[in-house]
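One file, entry15.pdb, is given below (PDB, C-alpha atoms).
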ATOM      1  CA  MET G   1     -91.999  17.622 -27.071
ATOM      2  CA  ARG G   2     -93.667  14.950 -29.166
ATOM      3  CA  LEU G   3     -97.353  14.530 -29.855
ATOM      4  CA  SER G   4     -97.189  10.993 -28.453
ATOM      5  CA  GLU G   5     -95.983  12.388 -25.116
ATOM      6  CA  LEU G   6     -99.224  14.345 -24.801
ATOM      7  CA  LEU G   7    -101.631  11.637 -25.917
ATOM      8  CA  ASP G   8    -103.247   9.672 -23.081
ATOM      9  CA  LEU G   9    -101.839  11.945 -20.357
ATOM     10  CA  ASP G  10    -104.263  12.417 -17.473
ATOM     11  CA  VAL G  11    -105.764  15.884 -17.146
ATOM     12  CA  VAL G  12    -106.739  17.332 -13.762
ATOM     13  CA  ASP G  13    -108.085  20.741 -12.861
ATOM     14  CA  GLU G  14    -106.553  23.080 -10.285
ATOM     15  CA  ASN G  15    -108.610  21.397  -7.550
ATOM     16  CA  GLY G  16    -107.217  18.000  -8.429
ATOM     17  CA  THR G  17    -110.442  16.799 -10.044
ATOM     18  CA  ARG G  18    -109.770  14.431 -12.905
ATOM     19  CA  ALA G  19    -111.129  15.705 -16.216
ATOM     20  CA  GLY G  20    -110.119  12.774 -18.427
ATOM     21  CA  HIS G  21    -107.132  12.064 -20.604
ATOM     22  CA  VAL G  22    -105.814  13.554 -23.798
ATOM     23  CA  HIS G  23    -107.403  12.078 -26.905
ATOM     24  CA  ASP G  24    -105.967  14.508 -29.378
ATOM     25  CA  VAL G  25    -104.240  17.832 -29.903
ATOM     26  CA  ARG G  26    -106.163  20.370 -31.915
ATOM     27  CA  LEU G  27    -104.134  22.380 -34.402
ATOM     28  CA  VAL G  28    -104.906  25.517 -36.319
ATOM     29  CA  GLN G  29    -103.247  26.425 -39.567
ATOM     30  CA  ASP G  30    -103.657  30.140 -39.848
ATOM     31  CA  GLY G  31    -100.461  30.918 -41.643
ATOM     32  CA  PRO G  32     -99.812  31.021 -45.367
ATOM     33  CA  VAL G  33    -101.019  28.118 -47.450
ATOM     34  CA  GLY G  34     -99.651  26.828 -50.715
ATOM     35  CA  ALA G  35     -95.973  27.517 -50.159
ATOM     36  CA  GLY G  36     -95.453  25.109 -47.295
ATOM     37  CA  PHE G  37     -96.397  25.180 -43.656
ATOM     38  CA  ASP G  38     -93.677  27.385 -42.148
ATOM     39  CA  ALA G  39     -94.734  28.453 -38.658
ATOM     40  CA  ALA G  40     -98.316  27.873 -39.653
ATOM     41  CA  LEU G  41     -99.488  24.885 -37.609
ATOM     42  CA  ARG G  42    -100.041  25.853 -34.010
ATOM     43  CA  VAL G  43    -101.559  24.035 -31.048
ATOM     44  CA  GLN G  44    -104.935  25.519 -30.241
ATOM     45  CA  GLY G  45    -106.048  23.165 -27.482
ATOM     46  CA  LEU G  46    -106.542  19.618 -26.267
ATOM     47  CA  VAL G  47    -109.434  17.243 -26.893
ATOM     48  CA  ILE G  48    -109.866  15.243 -23.710
ATOM     49  CA  GLY G  49    -112.379  12.765 -22.362
ATOM     50  CA  ARG G  50    -112.976   9.380 -20.871
ATOM     51  CA  GLY G  51    -114.449   7.479 -23.801
ATOM     52  CA  ALA G  52    -112.019   6.060 -26.280
ATOM     53  CA  VAL G  53    -113.243   4.034 -29.226
ATOM     54  CA  GLY G  54    -115.570   6.522 -30.885
ATOM     55  CA  ILE G  55    -113.252   9.448 -30.184
ATOM     56  CA  ARG G  56    -110.211   7.681 -31.585
ATOM     57  CA  LEU G  57    -112.115   6.948 -34.748
ATOM     58  CA  GLY G  58    -113.023  10.598 -35.061
ATOM     59  CA  TYR G  59    -116.696  10.291 -34.177
ATOM     60  CA  GLY G  60    -117.994  13.340 -32.377
ATOM     61  CA  ARG G  61    -115.176  15.526 -33.662
ATOM     62  CA  THR G  62    -116.313  16.016 -37.218
ATOM     63  CA  LEU G  63    -119.616  16.506 -38.939
ATOM     64  CA  ASN G  64    -120.007  12.844 -39.610
ATOM     65  CA  ARG G  65    -121.552  11.240 -42.596
ATOM     66  CA  GLY G  66    -122.126   7.556 -43.110
ATOM     67  CA  PRO G  67    -124.375   4.944 -41.490
ATOM     68  CA  TRP G  68    -126.617   6.646 -38.934
ATOM     69  CA  LEU G  69    -126.560   3.665 -36.582
ATOM     70  CA  ILE G  70    -122.764   3.794 -36.266
ATOM     71  CA  ARG G  71    -122.877   7.555 -35.784
ATOM     72  CA  VAL G  72    -125.469   7.331 -33.022
ATOM     73  CA  LEU G  73    -123.822   4.440 -31.185
ATOM     74  CA  LEU G  74    -120.312   5.850 -31.175
ATOM     75  CA  SER G  75    -121.220   9.508 -30.723
ATOM     76  CA  ALA G  76    -123.427   8.781 -27.714
ATOM     77  CA  ARG G  77    -120.674   6.946 -25.860
ATOM     78  CA  HIS G  78    -118.165   9.727 -25.554
ATOM     79  CA  ASP G  79    -118.040  12.739 -23.302
ATOM     80  CA  SER G  80    -115.180  14.642 -24.848
ATOM     81  CA  LYS G  81    -114.260  18.117 -23.674
ATOM     82  CA  TYR G  82    -112.075  20.826 -25.090
ATOM     83  CA  VAL G  83    -109.261  22.536 -23.191
ATOM     84  CA  PRO G  84    -108.100  25.753 -24.873
ATOM     85  CA  TRP G  85    -104.309  26.013 -24.690
ATOM     86  CA  GLY G  86    -104.621  29.141 -22.543
ATOM     87  CA  ARG G  87    -105.981  27.010 -19.698
ATOM     88  CA  VAL G  88    -103.052  24.578 -19.651
ATOM     89  CA  ARG G  89    -100.852  25.363 -16.644
ATOM     90  CA  SER G  90     -98.312  22.547 -16.532
ATOM     91  CA  ILE G  91     -97.335  19.399 -18.360
ATOM     92  CA  ASP G  92     -95.173  16.613 -17.025
ATOM     93  CA  GLU G  93     -95.042  12.846 -17.305
ATOM     94  CA  ASP G  94     -97.609  12.495 -14.520
ATOM     95  CA  GLY G  95    -100.206  14.539 -16.331
ATOM     96  CA  ILE G  96    -101.539  17.938 -17.248
ATOM     97  CA  VAL G  97    -102.931  20.545 -14.863
ATOM     98  CA  ILE G  98    -105.453  23.043 -16.187
ATOM     99  CA  ALA G  99    -106.674  26.307 -14.733
ATOM    100  CA  GLY G 100    -110.201  26.566 -13.356
ATOM    101  CA  SER G 101    -112.672  23.776 -12.848
ATOM    102  CA  ALA G 102    -113.124  20.719 -15.053
ATOM    103  CA  ALA G 103    -116.864  21.339 -14.787
ATOM    104  CA  ASP G 104    -116.453  24.481 -16.907
ATOM    105  CA  LEU G 105    -115.084  22.632 -19.917
ATOM    106  CA  GLU G 106    -117.188  22.649 -23.054
ATOM    107  CA  PRO G 107    -117.378  19.968 -25.772
ATOM    108  CA  PRO G 108    -114.827  20.448 -28.558
ATOM    109  CA  PRO G 109    -115.960  22.568 -31.493
ATOM    110  CA  VAL G 110    -117.114  20.217 -34.224
ATOM    111  CA  LEU G 111    -114.820  20.088 -37.232
ATOM    112  CA  PRO G 112    -116.110  19.964 -40.795
ATOM    113  CA  ALA G 113    -115.765  16.480 -42.273
ATOM    114  CA  ARG G 114    -112.837  16.206 -44.661
ATOM    115  CA  GLY G 115    -114.015  16.728 -48.178
ATOM    116  CA  ALA G 116    -117.272  18.347 -47.088
ATOM    117  CA  PRO G 117    -118.196  21.629 -48.701
ATOM    118  CA  SER G 118    -117.253  24.544 -46.408
TER     119      SER G 118
ATOM    120  CA  MET Y  27    -105.859  36.994 -50.029
ATOM    121  CA  MET Y  28    -105.576  35.284 -46.658
ATOM    122  CA  ALA Y  29    -107.123  31.841 -46.611
ATOM    123  CA  ALA Y  30    -109.500  30.865 -43.794
ATOM    124  CA  ALA Y  31    -107.857  29.109 -40.859
ATOM    125  CA  ARG Y  32    -107.960  25.344 -41.064
ATOM    126  CA  VAL Y  33    -108.455  23.375 -37.882
ATOM    127  CA  MET Y  34    -107.447  19.737 -37.518
ATOM    128  CA  ASP Y  35    -106.809  17.143 -34.846
ATOM    129  CA  ALA Y  36    -103.182  16.046 -34.934
ATOM    130  CA  ALA Y  37    -103.515  12.369 -34.020
ATOM    131  CA  LEU Y  38    -106.518  11.897 -36.264
ATOM    132  CA  GLU Y  39    -105.162  13.705 -39.306
ATOM    133  CA  LEU Y  40    -101.385  13.369 -39.078
ATOM    134  CA  LEU Y  41    -100.333  10.212 -37.253
ATOM    135  CA  ASP Y  42     -99.777   7.146 -39.433
ATOM    136  CA  ARG Y  43    -100.525   9.087 -42.617
ATOM    137  CA  GLN Y  44     -98.660   8.088 -45.754
ATOM    138  CA  LEU Y  45     -95.908  10.476 -46.808
ATOM    139  CA  ILE Y  46     -95.586  11.117 -50.547
ATOM    140  CA  ASP Y  47     -92.568  12.865 -51.972
ATOM    141  CA  CYS Y  48     -92.446  15.472 -54.737
ATOM    142  CA  ASP Y  49     -92.052  12.725 -57.368
ATOM    143  CA  ASP Y  50     -95.223  10.940 -56.143
ATOM    144  CA  ARG Y  51     -93.168   8.174 -54.500
ATOM    145  CA  LEU Y  52     -94.112   6.688 -51.142
ATOM    146  CA  ALA Y  53     -91.801   8.054 -48.462
ATOM    147  CA  GLY Y  54     -92.798   6.347 -45.218
ATOM    148  CA  ASN Y  55     -95.392   7.252 -42.638
ATOM    149  CA  VAL Y  56     -95.836   9.901 -39.996
ATOM    150  CA  ASP Y  57     -94.874   8.187 -36.733
ATOM    151  CA  ASP Y  58     -94.898  11.226 -34.486
ATOM    152  CA  VAL Y  59     -95.113  15.007 -34.531
ATOM    153  CA  GLU Y  60     -92.649  17.444 -32.976
ATOM    154  CA  ILE Y  61     -94.183  20.318 -31.044
ATOM    155  CA  VAL Y  62     -92.210  23.235 -29.605
ATOM    156  CA  ILE Y  63     -93.682  24.996 -26.593
ATOM    157  CA  PRO Y  64     -92.768  28.690 -26.118
ATOM    158  CA  ASP Y  65     -89.729  29.125 -23.832
ATOM    159  CA  ARG Y  66     -91.408  31.315 -21.272
ATOM    160  CA  TRP Y  67     -94.607  29.267 -21.085
ATOM    161  CA  PRO Y  68     -96.787  29.358 -19.087
ATOM    162  CA  ASP Y  69     -95.917  32.533 -17.205
ATOM    163  CA  GLY Y  70     -94.334  34.797 -19.775
ATOM    164  CA  ALA Y  71     -95.801  33.496 -23.001
ATOM    165  CA  SER Y  72     -99.320  34.795 -22.758
ATOM    166  CA  GLY Y  73    -101.126  34.275 -26.026
ATOM    167  CA  GLU Y  74     -98.268  32.384 -27.651
ATOM    168  CA  LEU Y  75     -99.259  28.968 -28.928
ATOM    169  CA  PRO Y  76     -96.972  25.946 -29.299
ATOM    170  CA  VAL Y  77     -95.871  25.356 -32.873
ATOM    171  CA  VAL Y  78     -95.632  22.142 -34.876
ATOM    172  CA  THR Y  79     -92.098  22.147 -36.232
ATOM    173  CA  ALA Y  80     -91.632  18.723 -37.825
ATOM    174  CA  LEU Y  81     -93.121  15.384 -38.750
ATOM    175  CA  LEU Y  82     -91.122  12.437 -37.451
ATOM    176  CA  SER Y  83     -90.781   9.120 -39.205
ATOM    177  CA  GLY Y  84     -88.899   5.869 -38.864
ATOM    178  CA  PRO Y  85     -88.962   2.634 -36.886
ATOM    179  CA  GLY Y  86     -87.163   4.146 -33.902
ATOM    180  CA  VAL Y  87     -89.770   6.885 -33.579
ATOM    181  CA  LEU Y  88     -92.609   4.376 -33.857
ATOM    182  CA  ALA Y  89     -91.037   2.174 -31.179
ATOM    183  CA  GLU Y  90     -90.851   5.063 -28.736
ATOM    184  CA  ARG Y  91     -94.459   5.916 -29.454
ATOM    185  CA  PHE Y  92     -95.635   2.394 -28.654
ATOM    186  CA  GLY Y  93     -94.083   2.424 -25.191
ATOM    187  CA  GLY Y  94     -94.419  -0.544 -22.858
ATOM    188  CA  SER Y  95     -92.025  -3.478 -22.857
ATOM    189  CA  LEU Y  96     -92.473  -4.078 -26.592
ATOM    190  CA  GLY Y  97     -91.743  -0.451 -27.410
ATOM    191  CA  ARG Y  98     -88.752  -0.285 -25.054
ATOM    192  CA  GLY Y  99     -87.282  -3.494 -26.442
ATOM    193  CA  TRP Y 100     -87.818  -2.405 -30.021
ATOM    194  CA  SER Y 101     -86.373   1.012 -29.278
ATOM    195  CA  ALA Y 102     -83.296  -0.506 -27.599
ATOM    196  CA  LEU Y 103     -82.736  -2.795 -30.581
ATOM    197  CA  HIS Y 104     -83.097   0.134 -32.957
ATOM    198  CA  ARG Y 105     -80.587   2.222 -31.002
ATOM    199  CA  ARG Y 106     -78.133  -0.682 -31.105
ATOM    200  CA  LEU Y 107     -78.512  -0.983 -34.875
ATOM    201  CA  HIS Y 108     -78.475   2.785 -35.390
ATOM    202  CA  PRO Y 109     -76.238   4.422 -32.755
ATOM    203  CA  ASP Y 110     -76.685   7.769 -34.524
ATOM    204  CA  GLY Y 111     -80.397   7.666 -33.707
ATOM    205  CA  ALA Y 112     -81.605   7.541 -37.319
ATOM    206  CA  LEU Y 113     -84.361   9.986 -36.482
ATOM    207  CA  ILE Y 114     -86.131  11.240 -39.557
ATOM    208  CA  SER Y 115     -87.361  14.748 -38.995
ATOM    209  CA  ILE Y 116     -89.210  16.437 -41.820
ATOM    210  CA  PRO Y 117     -89.414  20.196 -41.266
ATOM    211  CA  ILE Y 118     -92.989  21.372 -41.453
ATOM    212  CA  GLY Y 119     -91.886  23.825 -44.133
ATOM    213  CA  GLN Y 120     -91.383  20.841 -46.442
ATOM    214  CA  VAL Y 121     -95.050  19.854 -46.157
ATOM    215  CA  ARG Y 122     -97.058  20.864 -49.181
ATOM    216  CA  ASP Y 123    -100.468  19.393 -48.457
ATOM    217  CA  ILE Y 124    -102.236  17.523 -45.678
ATOM    218  CA  GLY Y 125    -105.033  15.288 -46.844
ATOM    219  CA  SER Y 126    -105.630  11.551 -46.887
ATOM    220  CA  ALA Y 127    -101.877  11.463 -47.509
ATOM    221  CA  ILE Y 128     -99.248  14.069 -46.726
ATOM    222  CA  ARG Y 129     -97.369  15.504 -49.675
ATOM    223  CA  LEU Y 130     -93.823  16.734 -49.264
ATOM    224  CA  GLY Y 131     -91.728  19.181 -51.193
ATOM    225  CA  LEU Y 132     -88.623  16.955 -51.204
ATOM    226  CA  ARG Y 133     -87.584  13.627 -52.699
ATOM    227  CA  SER Y 134     -87.770  10.403 -50.709
ATOM    228  CA  ASP Y 135     -84.052   9.733 -51.225
ATOM    229  CA  GLN Y 136     -83.372  12.910 -49.248
ATOM    230  CA  LEU Y 137     -84.998  11.285 -46.226
ATOM    231  CA  ALA Y 138     -83.103   9.036 -43.859
ATOM    232  CA  SER Y 139     -86.255   6.880 -43.633
ATOM    233  CA  ASN Y 140     -85.333   5.671 -47.080
ATOM    234  CA  ARG Y 141     -81.835   4.557 -46.077
ATOM    235  CA  MET Y 142     -82.649   0.866 -45.650
ATOM    236  CA  GLU Y 143     -84.351   0.766 -49.046
ATOM    237  CA  VAL Y 144     -81.367   2.482 -50.658
ATOM    238  CA  TRP Y 145     -78.928   0.135 -48.886
ATOM    239  CA  PHE Y 146     -80.968  -2.882 -49.986
ATOM    240  CA  ARG Y 147     -81.077  -1.602 -53.555
ATOM    241  CA  ASP Y 148     -77.341  -0.962 -53.677
ATOM    242  CA  HIS Y 149     -76.125  -4.046 -51.817
ATOM    243  CA  VAL Y 150     -78.684  -6.750 -52.572
ATOM    244  CA  VAL Y 151     -81.050  -6.058 -55.444
ATOM    245  CA  GLY Y 152     -78.385  -4.263 -57.457
ATOM    246  CA  LYS Y 153     -76.130  -7.346 -57.261
ATOM    247  CA  ILE Y 154     -78.692  -9.636 -58.872
ATOM    248  CA  PRO Y 155     -77.765 -10.316 -62.502
ATOM    249  CA  GLY Y 156     -80.004  -8.255 -64.756
ATOM    250  CA  ALA Y 157     -81.043  -5.868 -61.985
ATOM    251  CA  GLY Y 158     -79.825  -2.907 -64.017
ATOM    252  CA  HIS Y 159     -82.406  -3.686 -66.689
ATOM    253  CA  ALA Y 160     -85.355  -4.341 -64.386
ATOM    254  CA  ALA Y 161     -87.555  -1.790 -66.075
ATOM    255  CA  GLU Y 162     -87.017  -3.143 -69.578
TER     256      GLU Y 162
END
Give the structure from the file, written as structure tokens.
Amino acid sequence: MRLSELLDLDVVDENGTRAGHVHDVRLVQDGPVGAGFDAALRVQGLVIGRGAVGIRLGYGRTLNRGPWLIRVLLSARHDSKYVPWGRVRSIDEDGIVIAGSAADLEPPPVLPARGAPS
Amino acid sequence: MMAAARVMDAALELLDRQLIDCDDRLAGNVDDVEIVIPDRWPDGASGELPVVTALLSGPGVLAERFGGSLGRGWSALHRRLHPDGALISIPIGQVRDIGSAIRLGLRSDQLASNRMEVWFRDHVVGKIPGAGHAAE
């Protein structure tokens, strides 16, 4: 499967309630670093939502720096949610079905901004 | 010592990123990412996560990603020009660093994405008188 096949797919819960569409696929690299990425990058979950512009630009997903006005405007317009991979039940070209209710979904964990001190 | 896990969003941090080979040469862009889902998912693969196995690059890959009539037309044209598919798949094990660009552990001339440049160099630029001394 390709990443592009997942992006923009509709996501519904087991009751058929629409939860949004896939904005991004969250990866975790918990394998060895420095000698390549063998078997190290794994899919942890899906970032979904209805808003698009701010999310696509990364606003709301990282600890943003930069002009406060841009941050406020773009961050306030999205309603992104996070679907842990364990809740994904099926994927086909019509969309993704997740276990449980869409109302239970939490916002995605905020990522540290690239280059920020950890 | 085990490093802390790094979390990233694939579309935001991988797609369209510049690829740089081990000699610091530009080597194309990331046009898509290959993900392998466990065979027995979802019923028998409890706890197993899908794995990113390769970065994909090349005009054919980009065309398929675009979709729509433009993407389909572009993809059809690409398949006609490259019946073998000309898919450039870079195993994730060849990735050395993911940052503002993605650094690889191989040379760009080992990638099929570089074929057109190599062909152009050999068949066009190389035929121009004096081309062999371009750097002098």
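Closest approach to Val25 in chain G among G:Ala40, G:Val88, G:Leu7, G:Ala103 is made by G:Leu7 (distances from only C-alpha atoms).
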Practice task
Mind checking which residues fall within 12 Å of Ile63 in chain Y, counting only C-alpha atoms, ignoring those fewer than 6 positions away in the same chain, and posting them as JSON, numbers by chain?
Solution key: {"G": [1, 2, 3, 42, 43, 44, 85, 88, 90, 91], "Y": [70, 71, 72, 73, 74, 75, 76, 77, 78, 79]}
Using all atoms listed in the file, which residues of chain Y come within 10 Å of chain G, and what is the closest atom pair for each, with the distance in Å to one decimal? Give it as a tab-separated table, sorted by chain and residue number.
residue	atom	partner	partner_atom	distance
Y:Met27	CA	G:Pro32	CA	9.7
Y:Met28	CA	G:Pro32	CA	7.3
Y:Ala29	CA	G:Val33	CA	7.2
Y:Ala30	CA	G:Asp30	CA	7.1
Y:Ala31	CA	G:Asp30	CA	4.4
Y:Arg32	CA	G:Gln29	CA	5.1
Y:Val33	CA	G:Val28	CA	4.4
Y:Met34	CA	G:Leu27	CA	5.3
Y:Asp35	CA	G:Arg26	CA	4.4
Y:Ala36	CA	G:Val25	CA	5.4
Y:Ala37	CA	G:Asp24	CA	5.7
Y:Leu38	CA	G:Gly58	CA	6.7
Y:Glu39	CA	G:Gly58	CA	9.5
Y:Leu41	CA	G:Leu3	CA	9.1
Y:Asp57	CA	G:Ser4	CA	9.0
Y:Asp58	CA	G:Leu3	CA	6.2
Y:Val59	CA	G:Leu3	CA	5.2
Y:Glu60	CA	G:Arg2	CA	4.7
Y:Ile61	CA	G:Met1	CA	5.3
Y:Val62	CA	G:Met1	CA	6.2
Y:Ile63	CA	G:Met1	CA	7.6
Y:Trp67	CA	G:Arg89	CA	8.6
Y:Pro68	CA	G:Arg89	CA	6.2
Y:Asp69	CA	G:Arg89	CA	8.7
Y:Ala71	CA	G:Gly86	CA	9.8
Y:Ser72	CA	G:Gly86	CA	7.8
Y:Gly73	CA	G:Gly86	CA	7.1
Y:Glu74	CA	G:Gly86	CA	8.8
Y:Leu75	CA	G:Val43	CA	5.8
Y:Pro76	CA	G:Val43	CA	5.3
Y:Val77	CA	G:Arg42	CA	4.4
Y:Val78	CA	G:Leu41	CA	5.5
Y:Thr79	CA	G:Ala39	CA	7.3
Y:Ala80	CA	G:Arg2	CA	9.7
Y:Leu81	CA	G:Arg2	CA	9.6
Y:Leu82	CA	G:Arg2	CA	9.0
Y:Val87	CA	G:Ser4	CA	9.9
Y:Leu88	CA	G:Ser4	CA	9.7
Y:Glu90	CA	G:Ser4	CA	8.7
Y:Arg91	CA	G:Ser4	CA	5.9
Y:Phe92	CA	G:Ser4	CA	8.7
Y:Gly93	CA	G:Ser4	CA	9.7
Y:Pro117	CA	G:Asp38	CA	8.4
Y:Ile118	CA	G:Phe37	CA	5.6
Y:Gly119	CA	G:Asp38	CA	4.5
Y:Gln120	CA	G:Gly36	CA	6.0
Y:Val121	CA	G:Gly36	CA	5.4
Y:Arg122	CA	G:Gly36	CA	4.9
Y:Asp123	CA	G:Gly36	CA	7.7
Y:Ile124	CA	G:Phe37	CA	9.8
Y:Gly125	CA	G:Arg114	CA	8.2
Y:Ser126	CA	G:Arg114	CA	8.9
Y:Leu130	CA	G:Gly36	CA	8.8
Y:Gly131	CA	G:Gly36	CA	8.0
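Residues near the point (-113.1, 16.8, -23.8), at a distance of 10 Å or less over all atoms listed in the file, make up G:Val11, G:Ala19, G:Gly20, G:His21, G:Val22, G:His23, G:Asp24, G:Leu46, G:Val47, G:Ile48, G:Gly49, G:Arg50, G:Gly51, G:Ile55, G:His78, G:Asp79, G:Ser80, G:Lys81, G:Tyr82, G:Val83, G:Ala102, G:Leu105, G:Glu106, G:Pro107, G:Pro108.
Between CA of Asp49 in chain Y and CA of Gly152 in chain Y lies a distance of 21.8 Å.
Between CA of Gly84 in chain Y and CA of Asn55 in chain Y the interatomic distance comes to 7.6 Å.
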Problem - Nearby residues (all atoms listed in the file) at most 9 Å from Ser134 in chain Y, same-chain spacing under 6 positions excluded, as JSON, numbers by chain - result: {"Y": [46, 47, 48, 49, 51, 52, 53, 54, 140]}
Exercise for the section: Could you please determine the separation between CA of Leu96 in chain Y and CA of Asp92 in chain G in Å, to one decimal place? Expected result: 23.0 Å
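At a cut-off of 7 Å from (-101.7, 14.7, -17.0), the residue set is Leu9, Asp10, Val11, Val12, Ile91, Asp92, Glu93, Asp94, Gly95, Ile96 and Val97 of chain G (counting only C-alpha atoms).
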